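Engineer: Quick one: the structure is below, and I'll ask about it shortly.
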Amino acid sequence: MTATTPDGQTVPANPDGDVLRCEHIAKNYGAVTALTDINLQLRRGEVLGLIGDNGAGKSTLLKILCGFQPPSAGRIFLEGQEITLKSVDHARSLGIDAVYQDLALVNQLTVFQNMFLNREKVRWPLVRNGVMRREARKRLDEMGVQIPSVDAPVAMLSGGQRQAIAVARSVYSNPKILLLDEPLAAMGVKEGAIILDLITRLKQDGNVSVIIIAHNYAQVLEVCDRVNMIQGGRITLDKRSSETSAEELTDLVVEEYRKALQERQRSA
Amino acid sequence: MSDTAQHAIGSTGAPQRGSAGGGGLDMLMRFFRLLGRQREATVFVIAVALFLYFLIDKGSEFTGKTNQVTLWSDSVAPYAIIALGEVFLLICGEIDLSVGFVVGFAPYLMYFLIVDYHFPGLLAILFALLLGVFVGLVNGFFTVTVGVPSFITTLGTGFILMGLTGMTSHDEPAPVPPQVMGIGKWIQNYAWAPIVWAVVLTAIFHVVLTRTRWGLHTVSVGGNLLGAREAGIHVSRIKYGNFMITGLLGALVGLQQMYFTTNESPTLGSYQWMFYAVTAAVIGGTAMLGGVGTIVGAFIGAVVVGILLDGFPLIGVSADPTNVVFGGAILISMVANVQLTRLRERGQR
């Protein structure tokens with residue numbers, strides 16, 4: 001297992017079991033530091049919950065791991081091999097796929113075009129609309145997502161439907177590692193259950209390892225094997241879901257907030 | 001003329017206002033709702049109405065071969081061709097103001113290469129076309145890589161090209177070199193060649209926009225720039241490419257115009273090419289905000305532009321009132337387009 005030192009430094013006891021490992025990842029935007037020193041492991045077939053308050057750096061980390069932006073410092077290992085992610089395409093070719101918080105859907109395109117965005121089925125030079133339409137329909141039916149028509153522009157869909165499409169798009173690309181940024185944010189209870197079921201199913205298949213960013217700690221604990229908390233650009237907690245509770249996680253975030261508030265009052 | 005435009009638009013607006021009316025109106029409404037499904041249909045109705053107006057008013061003077069060639073090959077084709085590029089640019093959120101000066105400079109480049117540097121004719125034509133691609137590359141560099149808004153970038157490159165054309169030509173026209181007269185037939189000299197070019201290119205670009213990755217990614221870049229990036233689409237490649245395509249089309253139109261006027265003219269390069277092309281695109285339903293646009297619509301938009309440009313002089317309307325009416329027609333067709341879009345959306349619910 002993993003030993004966690006008090007300052008949040010984690011030392012992997014079994015590096016070979018990690019499908020993804022980050023060492024000392026930092027990210028600055030000019031003078032602003034988003035990530036200070038992130039050390040994180042993702043084990044094969046595991047669902048890891050990444051939590052933390054707004055602005056803690058969760059989405060920044062996710063965008064580094066999916067190749068959208070490079071880290072300012074630090075190393076990333078995929079199945080023990082050090083990698084430098086050059087682009088989203090590159091990460092995808094290595095089997096890392098992400099669902100972004102903003103979903104990356106194009107309103108002007110149809111459901112099926114969005115589901116195959118930048119992964120279009122092509123018989124050069126034309127895209128194969130028929131094949132994509134059928135497959136999109138099949139995937140959404142399998143997931144139990146209700147969509148009026150795969151030919152509808154996504155602008156016409158509800159927030160939950162849009163989110164389901166974004167998740168379906170990534171899941172069905174058969175990634176080794178799936179990164180989900182707030183996959184339940186715009187979802188009603190029923191739609192949320194569809195996504196949670198999907199993640200549970202993926203976990204049972206065991207072929208894919210997942211990192212989920214979420215705000216609803218109860219949902220996180222329900223579906224995740226392990227939870228990491230990011231605070232101030234570091235990982236400050238690394239526990240199995242069974243060893244913690246929604247109350248503990250909430251308390252930690254609130255405590256951090258109180259501490260910061262007190263410090264500000266003291267210095268004022 | 002303006003009555004025609006208004007008449008056409010008045011009738012397309014009828015289903016909304018007349019929706020409380022009786023059975024005849026009901027059928028009319030259904031007809032227009034059918035039309036309303038397609039963005040292009042609105043403009044098509046306007047184009048047909050304009051054509052019929054001039055047909056009824058001027059008869060054979062309008063429909064005669066001489067005028068029809070002028071109409072389609074000179075008043076429609078060049079704007080339709082340039083509009084293809086502008087539609088792709090507008091959809092991905094950019095614009096090219098400089099393309100009209102590629103039109104002016106490309107023929108001179110060909111001329112200098114042949115006369116001063118003894119290039120073979122075909123190679124000189126190739127380089128003239130590549131000039132357009134190069135200007136597109138420069139536009140792309142400043143817009144995409146440096147981050148200057150394309151409106152400013154292409155304003156700058158347009159002026160540069162305007163100046164270069166004057167400097168190198170000493171503001172003198174030049175003849176078409178005999179080496180390239182032969183190939184001119186295919187580019188321009190056959191009466192219908194330009195409109196054939198325009199139709200074929202429109203068909204190709206329509207397929208590219210709707211059925212290829214390039215087209216879908218162009219829509220994505222304009223519709224959701226960040227999302228396109230997150231999906232791994234090479235945003236800069238798309239924008240660079242569309243600038244280069246637009247430049248290439250400008251150079252093609254430049255050569256066509258050279259053959260049409262049988263000389264390289266220092267006054268050929270102007271903003272009018274871009275203005276009319278963008279007008280065609282916008283009338284055809286391309287939004288200025290990105291993500292939305294159709295190639296077929298732009299072509300029909302160019303037909304509207306062409307019919308107005310060709311028809312007004314026939315009925316004795318001089319240039320100044322033509323511009324007034326032209327501007328009015330643009331506004332009216334835009335309003336009609338917006339109205340019909342609303343109607344269309346209502347129909348979908």
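For the structure tokens, the naming scheme is as follows: chains receive sequential letters (A, B, ...) according to their order of presentation, residues are indexed from 1 within each chain, and ligands are indexed from 1 in presentation order.
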Mind listing the strand (DSSP E) residues of region 26-87 of chain A, per DSSP on the backbone, as a PyMOL selection string?

Structural biologist: chain A and resi 26-29+32-43+47-51+73-78+81-83

Engineer: Pick out the chain A residues within 6 Å of chain B. Count only C-alpha atoms. Give them as an MDAnalysis selection string.

Structural biologist: chainID A and resid 88:89 104 106 126:127

Engineer: Considering only C-alpha atoms, can you say which of B:Ile91, B:Val176, B:Val144, B:Ile160 comes closest to Ile114 (chain B)?

Structural biologist: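 Of the candidates, the smallest distance to Ile114 (chain B) is held by B:Val176.
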
Engineer: Need to verify the contact set: Thr153 (chain B), 8 Å, only C-alpha atoms, exclusion of same-chain residues closer than 5 positions in sequence. Can you return it as a PyMOL selection string?

Structural biologist: chain B and resi 139+142-143+148

Engineer: One decimal, Å: what's the distance from CA of Gly285 (chain B) over to CA of Ala47 (chain B), could you say?

Structural biologist: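 Interatomic distance, CA of Gly285 (chain B) to CA of Ala47 (chain B): 13.7 Å.
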